[in-house]
Structures are given as C-alpha cells and as structure tokens.
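K.L.:
This one is upload_1.csv, CSV, C-alpha atoms and all ligand atoms.
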```csv
chain,number,residue,atom,x,y,z
A,3,MET,CA,-16.7,22.9,-16.7
A,4,ILE,CA,-14.1,24.7,-14.5
A,5,ILE,CA,-10.4,24.4,-14.8
A,6,VAL,CA,-8.1,25.3,-11.9
A,7,PRO,CA,-4.5,24.9,-13.2
A,8,GLU,CA,-1.7,23.5,-11.1
A,9,LYS,CA,0.0,26.9,-10.9
A,10,ALA,CA,-3.1,28.6,-9.5
A,11,CYS,CA,-3.5,26.2,-6.6
A,12,PRO,CA,-0.8,27.5,-4.2
A,13,GLU,CA,-2.2,31.0,-4.3
A,14,LEU,CA,-5.9,29.9,-3.9
A,15,MET,CA,-5.7,27.0,-1.5
A,16,THR,CA,-5.1,28.1,2.1
A,17,LEU,CA,-4.1,25.5,4.6
A,18,ASP,CA,-7.1,26.7,6.7
A,19,ALA,CA,-9.4,25.8,3.9
A,20,ALA,CA,-7.7,22.5,3.4
A,21,VAL,CA,-8.1,21.7,7.1
A,22,GLU,CA,-11.8,22.5,7.1
A,23,ALA,CA,-12.4,20.4,3.9
A,24,VAL,CA,-10.5,17.4,5.2
A,25,GLU,CA,-12.1,17.6,8.7
A,26,ALA,CA,-15.5,17.6,7.1
A,27,VAL,CA,-14.9,14.7,4.8
A,28,PHE,CA,-13.3,12.6,7.7
A,29,GLY,CA,-16.6,13.3,9.6
A,30,ALA,CA,-18.6,12.2,6.6
A,31,MET,CA,-16.6,9.0,6.2
A,32,ALA,CA,-17.2,8.1,9.9
A,33,ARG,CA,-21.0,8.7,9.5
A,34,GLY,CA,-21.0,6.4,6.4
A,35,ASP,CA,-21.9,9.4,4.2
A,36,ALA,CA,-18.7,9.2,2.2
A,37,TYR,CA,-16.7,6.2,0.9
A,38,ASN,CA,-13.5,5.6,-1.0
A,39,PHE,CA,-13.4,3.4,-4.0
A,40,PRO,CA,-10.7,0.7,-4.3
A,41,VAL,CA,-7.4,2.2,-5.2
A,42,VAL,CA,-5.8,1.3,-8.6
A,43,ARG,CA,-2.0,1.5,-8.8
A,44,GLU,CA,-0.1,0.1,-11.8
A,45,ALA,CA,3.5,0.0,-13.0
A,46,ILE,CA,2.7,0.9,-16.6
A,47,GLY,CA,6.0,-0.4,-18.1
A,48,HIS,CA,6.9,3.0,-19.5
A,49,ALA,CA,9.2,5.7,-18.1
A,50,ASP,CA,9.4,3.4,-15.0
A,51,ALA,CA,6.1,5.1,-13.9
A,52,LEU,CA,3.6,4.1,-11.3
A,53,TYR,CA,0.1,5.3,-12.3
A,54,GLY,CA,-3.2,5.0,-10.6
A,55,PHE,CA,-6.6,6.3,-9.4
A,56,LYS,CA,-8.0,7.2,-6.0
A,57,GLY,CA,-11.7,8.0,-6.1
A,58,GLY,CA,-14.7,8.2,-4.0
A,59,PHE,CA,-18.1,9.8,-3.3
A,60,ASP,CA,-19.1,12.1,-0.5
A,61,ARG,CA,-22.9,12.1,-0.3
A,62,ALA,CA,-22.8,14.9,2.3
A,63,GLY,CA,-20.6,17.3,0.3
A,64,LEU,CA,-22.0,16.0,-3.0
A,65,THR,CA,-18.4,15.5,-4.2
A,66,LEU,CA,-17.8,12.7,-6.7
A,67,GLY,CA,-14.5,12.2,-8.6
A,68,VAL,CA,-11.1,10.7,-9.0
A,69,LYS,CA,-7.5,11.7,-8.6
A,70,ALA,CA,-5.4,10.2,-11.4
A,71,GLY,CA,-1.7,10.2,-11.4
A,72,GLY,CA,1.4,8.8,-9.7
A,73,TYR,CA,5.1,8.8,-9.8
A,74,TRP,CA,7.5,9.4,-12.7
A,75,PRO,CA,11.0,8.9,-11.2
A,76,HIS,CA,12.9,10.5,-14.1
A,77,ASN,CA,10.9,13.8,-14.5
A,78,LEU,CA,13.3,15.9,-12.4
A,79,GLU,CA,16.4,14.8,-14.3
A,80,ARG,CA,14.7,14.9,-17.8
A,81,TYR,CA,12.4,17.9,-17.7
A,82,GLU,CA,13.5,21.0,-15.8
A,83,GLY,CA,11.2,22.1,-13.1
A,84,LEU,CA,8.8,19.1,-13.5
A,85,GLY,CA,8.3,17.1,-10.2
A,86,ASN,CA,8.3,13.3,-10.1
A,87,HIS,CA,4.8,13.2,-8.4
A,88,GLN,CA,2.2,14.2,-10.9
A,89,SER,CA,-1.6,14.1,-10.4
A,90,THR,CA,-4.8,15.7,-11.5
A,91,VAL,CA,-8.3,15.7,-9.9
A,92,PHE,CA,-11.5,15.3,-11.9
A,93,LEU,CA,-14.8,16.2,-10.3
A,94,PHE,CA,-18.2,15.1,-11.6
A,95,ASP,CA,-21.8,16.2,-10.9
A,96,PRO,CA,-23.3,13.3,-8.8
A,97,ASP,CA,-26.8,14.1,-10.2
A,98,THR,CA,-25.9,13.9,-13.9
A,99,GLY,CA,-22.4,12.4,-14.3
A,100,ARG,CA,-21.3,15.5,-16.2
A,101,PRO,CA,-17.7,16.7,-15.5
A,102,VAL,CA,-17.6,19.7,-13.2
A,103,ALA,CA,-14.0,20.5,-12.8
A,104,VAL,CA,-10.4,19.6,-13.7
A,105,VAL,CA,-7.9,20.6,-10.9
A,106,GLY,CA,-4.2,20.4,-10.6
A,107,GLY,CA,-3.5,17.8,-7.9
A,108,ASN,CA,0.2,18.2,-7.0
A,109,TYR,CA,0.0,21.1,-4.6
A,110,LEU,CA,-3.3,19.9,-3.3
A,111,THR,CA,-1.8,16.5,-2.4
A,112,ALA,CA,0.7,18.3,-0.1
A,113,ALA,CA,-2.0,20.5,1.3
A,114,ARG,CA,-4.5,17.7,2.1
A,115,THR,CA,-1.7,15.6,3.7
A,116,ALA,CA,-0.8,18.5,5.9
A,117,ALA,CA,-4.4,19.0,6.7
A,118,ALA,CA,-4.9,15.4,7.9
A,119,SER,CA,-2.2,15.7,10.6
A,120,ALA,CA,-3.5,19.1,11.5
A,121,VAL,CA,-7.0,17.7,12.0
A,122,SER,CA,-5.5,15.0,14.2
A,123,ILE,CA,-3.7,17.6,16.3
A,124,ARG,CA,-6.9,19.7,16.5
A,125,HIS,CA,-8.8,16.8,18.0
A,126,LEU,CA,-6.2,14.7,19.8
A,127,ALA,CA,-3.3,16.8,21.0
A,128,ARG,CA,-3.4,18.2,24.5
A,129,LYS,CA,-4.6,21.8,24.6
A,130,ASP,CA,-1.5,22.9,26.4
A,131,SER,CA,0.9,21.5,23.8
A,132,LYS,CA,3.9,23.8,23.4
A,133,VAL,CA,6.7,21.9,21.6
A,134,LEU,CA,6.3,20.4,18.1
A,135,GLY,CA,8.7,17.6,17.1
A,136,MET,CA,9.3,16.9,13.4
A,137,VAL,CA,10.8,13.6,12.2
A,138,GLY,CA,11.5,14.1,8.5
A,139,ALA,CA,12.7,17.0,6.5
A,140,GLY,CA,11.5,16.3,2.9
A,141,HIS,CA,9.1,18.1,0.7
A,142,GLN,CA,6.1,17.3,2.8
A,143,SER,CA,7.6,18.3,6.1
A,144,ALA,CA,7.2,22.1,5.6
A,145,PHE,CA,3.5,21.7,4.8
A,146,GLN,CA,2.9,19.5,7.8
A,147,MET,CA,4.7,22.0,10.1
A,148,ARG,CA,2.7,25.0,8.6
A,149,ALA,CA,-0.7,23.4,9.2
A,150,ALA,CA,0.3,22.0,12.6
A,151,VAL,CA,1.2,25.3,14.1
A,152,GLN,CA,-2.2,26.7,13.4
A,153,GLN,CA,-3.8,24.1,15.8
A,154,ARG,CA,-2.0,24.9,19.1
A,155,ASP,CA,0.1,27.7,20.6
A,156,PHE,CA,3.4,26.0,19.8
A,157,GLU,CA,6.4,27.9,21.2
A,158,ARG,CA,9.2,26.0,19.5
A,159,VAL,CA,10.0,23.2,17.1
A,160,VAL,CA,12.6,20.4,17.4
A,161,GLY,CA,13.5,18.2,14.5
A,162,TRP,CA,15.4,15.1,13.4
A,163,ASN,CA,16.1,13.7,10.0
A,164,PHE,CA,17.9,10.6,8.6
A,165,HIS,CA,19.7,12.9,6.2
A,166,PRO,CA,20.9,15.8,8.4
A,167,GLU,CA,21.8,18.0,5.4
A,168,MET,CA,18.1,18.4,4.8
A,169,LEU,CA,17.3,19.8,8.2
A,170,SER,CA,17.6,23.4,6.9
A,171,ARG,CA,14.1,23.0,5.4
A,172,LEU,CA,12.7,22.6,9.0
A,173,ALA,CA,14.8,25.5,10.3
A,174,ASP,CA,13.7,27.8,7.4
A,175,THR,CA,10.0,26.8,7.8
A,176,ALA,CA,10.1,27.4,11.6
A,177,ALA,CA,11.8,30.8,11.0
A,178,GLU,CA,9.1,31.7,8.4
A,179,LEU,CA,6.5,30.8,11.2
A,180,GLY,CA,8.4,32.9,13.8
A,181,LEU,CA,9.3,29.9,15.9
A,182,PRO,CA,12.7,28.8,17.2
A,183,PHE,CA,14.1,25.6,15.8
A,184,GLN,CA,16.6,23.1,17.2
A,185,ALA,CA,18.0,20.0,15.5
A,186,VAL,CA,18.1,17.2,18.2
A,187,GLU,CA,18.7,13.5,18.6
A,188,LEU,CA,15.6,11.3,18.8
A,189,ASP,CA,15.6,10.8,22.6
A,190,GLN,CA,15.6,14.6,23.1
A,191,LEU,CA,12.9,15.0,20.5
A,192,GLY,CA,10.7,12.5,22.3
A,193,ALA,CA,11.5,13.9,25.8
A,194,GLU,CA,10.6,17.5,24.8
A,195,SER,CA,7.8,17.2,22.3
A,196,ASP,CA,4.1,17.4,23.0
A,197,VAL,CA,3.2,16.6,19.4
A,198,ILE,CA,5.4,14.6,17.0
A,199,ILE,CA,4.8,14.4,13.2
A,200,THR,CA,6.7,11.7,11.3
A,201,ILE,CA,6.9,12.3,7.6
A,202,THR,CA,9.6,10.1,6.0
A,203,SER,CA,9.8,7.3,3.5
A,204,SER,CA,11.5,5.0,6.0
A,205,SER,CA,11.0,1.3,5.9
A,206,SER,CA,12.2,0.6,9.4
A,207,PRO,CA,11.2,2.1,12.7
A,208,ILE,CA,12.8,5.5,13.6
A,209,LEU,CA,10.8,6.5,16.6
A,210,LYS,CA,10.8,4.0,19.4
A,211,ARG,CA,8.3,3.3,22.2
A,212,GLU,CA,10.9,4.4,24.8
A,213,HIS,CA,11.3,7.8,23.0
A,214,VAL,CA,7.7,8.9,23.5
A,215,ARG,CA,6.5,10.3,26.8
A,216,PRO,CA,3.0,10.1,28.3
A,217,GLY,CA,0.6,12.7,26.9
A,218,THR,CA,2.2,13.0,23.5
A,219,HIS,CA,0.2,13.1,20.3
A,220,VAL,CA,2.0,11.4,17.4
A,221,ALA,CA,0.9,11.8,13.8
A,222,CYS,CA,2.5,9.2,11.5
A,223,MET,CA,2.1,10.5,8.0
A,224,GLY,CA,4.9,8.9,5.9
A,225,THR,CA,3.7,5.3,5.8
A,226,ASP,CA,1.3,4.9,2.9
A,227,THR,CA,2.5,1.6,1.3
A,228,LYS,CA,3.1,-2.0,2.4
A,229,GLY,CA,6.5,-2.3,3.9
A,230,LYS,CA,7.1,1.3,5.0
A,231,GLN,CA,7.4,1.9,8.8
A,232,GLU,CA,8.3,5.0,10.8
A,233,VAL,CA,7.6,4.0,14.4
A,234,GLU,CA,8.1,0.9,16.5
A,235,ALA,CA,5.1,-1.3,16.5
A,236,GLU,CA,5.2,-1.3,20.4
A,237,LEU,CA,4.4,2.4,20.2
A,238,LEU,CA,1.0,1.6,18.7
A,239,GLY,CA,0.5,-1.1,21.3
A,240,ALA,CA,1.0,1.6,24.0
A,241,ALA,CA,-1.1,4.3,22.3
A,242,GLU,CA,-4.8,5.1,21.6
A,243,VAL,CA,-4.7,4.6,17.8
A,244,PHE,CA,-6.8,6.6,15.3
A,245,THR,CA,-6.7,6.7,11.5
A,246,ASP,CA,-8.4,8.2,8.4
A,247,GLU,CA,-9.6,4.8,7.1
A,248,VAL,CA,-9.2,1.6,9.2
A,249,ALA,CA,-8.9,-0.7,6.1
A,250,GLN,CA,-5.9,1.3,4.8
A,251,SER,CA,-4.4,1.6,8.2
A,252,VAL,CA,-4.1,-2.1,8.8
A,253,SER,CA,-3.0,-2.9,5.2
A,254,ILE,CA,-0.7,0.0,4.0
A,255,GLY,CA,-0.5,2.3,7.1
A,256,GLU,CA,1.7,2.4,10.1
A,257,ALA,CA,-0.7,-0.1,11.9
A,258,GLN,CA,0.1,-2.9,9.4
A,259,HIS,CA,3.1,-3.9,11.6
A,260,ALA,CA,1.4,-3.7,15.0
A,261,VAL,CA,-1.6,-5.7,13.7
A,262,ALA,CA,0.6,-8.3,12.0
A,263,SER,CA,2.6,-8.8,15.2
A,264,GLY,CA,-0.6,-9.1,17.3
A,265,LEU,CA,0.2,-6.0,19.4
A,266,ILE,CA,-3.1,-4.4,18.4
A,267,ALA,CA,-6.2,-5.6,16.6
A,268,GLU,CA,-8.1,-3.9,13.8
A,269,GLY,CA,-10.9,-3.2,16.3
A,270,ASP,CA,-8.6,-1.2,18.5
A,271,ILE,CA,-8.2,1.5,15.8
A,272,ALA,CA,-10.8,4.3,15.8
A,273,GLN,CA,-11.7,6.6,12.9
A,274,ILE,CA,-10.6,10.2,13.4
A,275,GLY,CA,-13.9,11.2,11.8
A,276,ALA,CA,-15.8,9.7,14.8
A,277,VAL,CA,-13.9,12.2,17.1
A,278,VAL,CA,-14.7,15.0,14.7
A,279,ASN,CA,-18.4,14.0,14.9
A,280,GLY,CA,-18.3,13.7,18.7
A,281,THR,CA,-19.3,10.0,18.6
A,282,HIS,CA,-15.8,9.0,20.0
A,283,ALA,CA,-14.4,10.9,23.0
A,284,GLY,CA,-10.8,11.0,21.5
A,285,ARG,CA,-7.9,11.2,24.0
A,286,SER,CA,-9.0,9.5,27.2
A,287,SER,CA,-6.6,11.4,29.6
A,288,ALA,CA,-3.8,13.9,29.7
A,289,GLU,CA,-1.4,11.0,30.2
A,290,ALA,CA,-2.5,8.9,27.2
A,291,ILE,CA,-0.3,8.7,24.1
A,292,THR,CA,-2.5,9.3,21.0
A,293,LEU,CA,-1.4,8.2,17.6
A,294,PHE,CA,-2.9,9.1,14.3
A,295,ASP,CA,-2.1,6.8,11.3
A,296,GLY,CA,-2.6,9.1,8.3
A,297,THR,CA,-2.6,6.8,5.2
A,298,GLY,CA,-4.1,9.3,2.7
A,299,VAL,CA,-7.5,8.6,1.1
A,300,GLY,CA,-8.9,9.8,-2.3
A,301,LEU,CA,-11.8,11.6,-0.5
A,302,GLN,CA,-9.2,14.0,0.9
A,303,ASP,CA,-8.1,14.9,-2.6
A,304,LEU,CA,-11.6,15.4,-3.8
A,305,ALA,CA,-12.5,17.5,-0.7
A,306,VAL,CA,-9.6,20.0,-1.3
A,307,ALA,CA,-10.2,20.0,-5.0
A,308,ALA,CA,-13.9,21.0,-4.5
A,309,SER,CA,-12.7,23.6,-2.0
A,310,VAL,CA,-10.2,25.2,-4.4
A,311,VAL,CA,-12.9,25.3,-7.1
A,312,ARG,CA,-15.1,27.3,-4.8
A,313,LEU,CA,-12.2,29.6,-3.9
A,314,ALA,CA,-11.3,30.1,-7.5
A,315,GLN,CA,-14.9,31.0,-8.3
A,316,ALA,CA,-15.0,33.4,-5.3
A,317,ALA,CA,-11.8,35.1,-6.4
A,318,GLY,CA,-13.0,35.4,-10.0
A,319,LYS,CA,-10.1,33.1,-11.1
A,320,ALA,CA,-12.0,30.1,-12.3
A,321,ILE,CA,-11.5,29.3,-16.0
A,322,GLU,CA,-14.8,28.1,-17.5
A,323,VAL,CA,-14.9,26.1,-20.7
A,324,GLU,CA,-17.8,24.7,-22.7
A,325,PHE,CA,-17.6,20.9,-22.6
B,401,LIG,P1,10.8,13.4,0.2
B,401,LIG,O1,11.4,12.4,-0.7
B,401,LIG,O2,10.8,14.8,-0.1
B,401,LIG,O3,11.5,13.2,1.6
B,401,LIG,C1,11.8,11.9,2.2
B,401,LIG,C2,12.0,12.0,3.6
B,401,LIG,O4,12.3,10.7,4.1
B,401,LIG,C3,13.3,12.8,4.0
B,401,LIG,O5,13.1,13.3,5.3
B,401,LIG,C4,14.4,11.8,4.0
B,401,LIG,O6,15.5,12.1,4.8
B,401,LIG,C5,13.6,10.6,4.7
B,401,LIG,N1,14.2,9.3,4.4
B,401,LIG,C6,14.5,8.8,3.2
B,401,LIG,N2,15.0,7.6,3.3
B,401,LIG,C7,15.0,7.3,4.7
B,401,LIG,C8,15.4,6.2,5.5
B,401,LIG,N3,15.9,5.1,4.9
B,401,LIG,N4,15.2,6.2,6.8
B,401,LIG,C9,14.6,7.3,7.4
B,401,LIG,N5,14.3,8.4,6.7
B,401,LIG,C10,14.4,8.4,5.3
B,401,LIG,O7,9.3,12.9,0.5
B,401,LIG,P2,8.1,13.7,1.0
B,401,LIG,O8,7.3,14.3,-0.2
B,401,LIG,O9,8.5,14.6,2.1
B,401,LIG,O10,7.2,12.5,1.6
B,401,LIG,C11,7.6,11.8,2.8
B,401,LIG,C12,6.8,10.5,2.9
B,401,LIG,O11,5.4,10.9,3.0
B,401,LIG,C13,6.9,9.6,1.7
B,401,LIG,O12,7.0,8.3,2.2
B,401,LIG,C14,5.5,9.8,1.0
B,401,LIG,O13,5.1,8.6,0.3
B,401,LIG,C15,4.6,10.0,2.2
B,401,LIG,N6,3.4,10.7,1.9
B,401,LIG,C16,2.3,10.3,2.6
B,401,LIG,C17,1.0,10.9,2.3
B,401,LIG,C18,-0.2,10.4,3.1
B,401,LIG,O14,-1.3,10.9,2.8
B,401,LIG,N7,0.0,9.7,4.2
B,401,LIG,C19,0.9,11.9,1.4
B,401,LIG,C20,2.1,12.3,0.7
B,401,LIG,C21,3.3,11.7,1.0
```
Once more with this new file: its structure as structure tokens, please.
Ligand code: NAD
P.N.:
Amino acid sequence: MIIVPEKACPELMTLDAAVEAVEAVFGAMARGDAYNFPVVREAIGHADALYGFKGGFDRAGLTLGVKAGGYWPHNLERYEGLGNHQSTVFLFDPDTGRPVAVVGGNYLTAARTAAASAVSIRHLARKDSKVLGMVGAGHQSAFQMRAAVQQRDFERVVGWNFHPEMLSRLADTAAELGLPFQAVELDQLGAESDVIITITSSSSPILKREHVRPGTHVACMGTDTKGKQEVEAELLGAAEVFTDEVAQSVSIGEAQHAVASGLIAEGDIAQIGAVVNGTHAGRSSAEAITLFDGTGVGLQDLAVAASVVRLAQAAGKAIEVEF
C-alpha cells in the first residue's frame, strides 16, 4: 500500500495534472462509466465537528475509494497550524478490494475544486476571453485563479469581496501570475469580465442578472450546501447551465434556487462531462451566457488522489508499506 502524506501533496500535485484528472472523470461520469455514492455527512456531537464520506467508482479509470473527513471549527484556535477542514482519501483495488493508497486530502480538495472551474473555462468560455473576474477572496480563491489563467490568455484580473480586507489575496495571487489586478464594484466586474468565478460562502445572491453581460462564462463554485447562494436565480434562467452532477446541482448547488422558483427545470441542466466527451456542443453562441454550477463530487477527490499516487511513484517519493 502507498502513502502520500498531506505535506507531500502540494509539491507533487500540479494544477495541470488536477485539471487532466478532473476532466477525465467528468467525461467518465457523463458516459455512465463512473458514479458517485450517496454522501454521508454527520454532526458527530464532539468538537462541534461535521464528519462524512464522499465515495465513488470510476470503471474507466479503475478508481475506487472514499474521501473521509469534514470540518472541525476549533482546530485553528486550539492546535497551531492545523486547518479546520480535514480529509483523507482511501483508494482500493477494484479487482480485489485490497487498499491501494492513503492520501492526504486537504490540498487535493483545493486542487480538485480549482480544476473543476478550470475545466468549465476550458470547454465553455469564449476563446478570446481576456478579463477574469473573481468574486470571493478566501482560501480557495487563489487556487481557482491559478488554474483558471492556464485556460485562456487572460490579460488582467478584477475582483470583489464581501470582506474588502481580504482582497490582498487576489492582488498577491495575480501578481504571482504576472497579471494586473484591480479591486472593483460588482457592476464594473460584470461589465469588464469575460469569465467570472464565484467562490464564497454566501447565503444570498451577490452577482445579479443585470451585472453579467452577453458572452460571459460564470463558474459558480461556492455553493455546495442547501441554503447557500452566490448568484441571482434569474442569472441561471438567462444562461446555458452546466454542472458536474445534475442531482447535486438541483439539491445543494447554485441551481437549487432557480429550480425551486421554476426559472429552470432539472432537464435544462447539462453535464459538463458531455461537453468534454463531445456529445454536447457546449456554448451555443458567442453571445450566450454559460454558467457552470460546480458542486464538488467524490469522484473528483478520487481522481486527483489517484493522480498524485502516480506522480509520487514517478518521482520516487511514494512511501510503500506492507499491509
Ligand atoms: P473561506 O472561509 O476561506 O472564504 C470565504 C469567502 O466567502 C470569503 O471570500 C468571504 O469574504 C466570503 N464570505 C463570507 N461570508 C460572506 C457573506 N455573508 N456574503 C458574501 N461573501 C461572504 O472559504 P474558502 O475555502 O475560500 O471556500 C469558499 C466557499 O467554497 C465555501 O462556501 C466552501 O464551502 C466552498 N467550496 C466549494 C467546493 C466545491 O467543490 N464546490 C470545494 C471547496 C469549497
């Protein structure tokens, strides 16, 4: 069995490799070759923690496993340097059921989430996109920006955040990527952006229908729970809507609100994997607004974990144990 410790993941897992892994598994999901198991999430009544499992099986990539973990709200204040989100991925041999690998899941969660919006940009954004708009400036935002800029020839980044004091993260990340950054109001962000990524924990709409101009691609990445919302439901009504998994999109994703209010139906939402596979044309015109509802599925975690195991083996950094 192979172990890839948490601290080895940032060095081994490139965002390129994460994008390839996530793109492939989205394709497998749309072909029916891969499926996610029902998610378990429990308040365990200890340390105020939320703990659960996200698993699945990818028959095409022969990846079987589970990500176990969740949220421990007091870690940061109680244990120096220990983040509140904690997860570990376990991979199994689908032929025998034997464990194949244990992989740190914290960095990989950030990487696979960034990869998902990057895959949506690769397949749905206009080829001539030049301006990236960021809504949100938390931990994830830097990852989303780094993976996004690999997909198009972006010339600059504009950003907005509910807590303006956090905007330095976007400025620093853009500087690291060699791109100019400007903090702007939402109307300017919408007027100038070709691609917008929303990555906040908001529970009411930030980005309105009127903010977004024709031809924009919007990747909504923050809404992964019932009750969260980043964009006005009317924006989904006006857009061509894509997602990782339709069942999650309508229940815990951004589409939950537009479907509940009757602005779109479940059948209006396409799987991004179908676009990857070429069975869906994707964006219908240069004027269409495309919107990707990235809800986050277990198969993404398994795909990047399997990828980092291969990278660790190739780099001679895999820790092998008899089990
Ligand atoms: P974070 O705590 O580091 O940052 C939170 C962000 O949300 C900040 O930009 C903050 O200013 C903003 N925010 C907080 N309260 C707000 C409010 N009331 N209105 C508007 N904005 C508000 O979190 P993060 O790690 O950057 O994650 C951001 C979101 O992405 C979270 O909701 C998280 O659950 C979600 N997420 C989704 C996936 C997925 O696969 N879809 C994966 C990881 C994280």
K.L.:
So that I can see what lies close to A:His141, please list as number ranges by chain the residues with an atom at most 10 Å from it, counting all atoms listed in the file and leaving out residues fewer than 5 positions away in the same chain.
P.N.:
A: 112, 146, 168, 171, 201-202
K.L.:
Would you name the residues within 9 Å of ligand LIG 401 (chain B), counting all atoms listed in the file, and put them as a count of residues only?
P.N.:
47
K.L.:
Produce the centre coordinates and the three edge lengths, each in Å to one decimal, of the box along x, y and z that contains all listed atoms of stretch 167-176 of chain A with 4 Å added on each side, as JSON.
P.N.:
```
{"center_x": 15.9, "center_y": 22.9, "center_z": 8.2, "size_x": 19.8, "size_y": 17.8, "size_z": 14.8}
```
K.L.:
Go through A:Gly63, A:Gly275, A:Gly280, A:Gly107 and flag the residue nearest A:Gly29, using all atoms listed in the file for the distances.
P.N.:
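Counting all atoms listed in the file, the residue closest to A:Gly29 is A:Gly275.
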K.L.:
May I ask which of the residues A:Leu52, A:Val68, A:Ala316, A:Val21 is the closest one to A:Arg124, counting only C-alpha atoms?
P.N.:
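Among the listed residues, the smallest separation from A:Arg124 belongs to A:Val21.
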K.L.:
Between atom CA of A:Met147 and atom CA of A:Gly239, what distance in Å does the model show, to one decimal?
P.N.:
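Atom CA of A:Met147 sits 26.0 Å away from atom CA of A:Gly239.
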K.L.:
In Å to one decimal, how far is atom CA of A:Arg43 from atom CA of A:Tyr109?
P.N.:
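These two atoms are separated by 20.1 Å.
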K.L.:
Would you pick out the contacts of A:Val27 at 12 Å or less, using all atoms listed in the file, so that residues sharing its chain but fewer than 6 positions from it are not included, and give the list as a ChimeraX atom specification?
P.N.:
/A:20-21,33-38,58-65,114,117-118,121,246-247,273-276,278-279,299-306,308-309
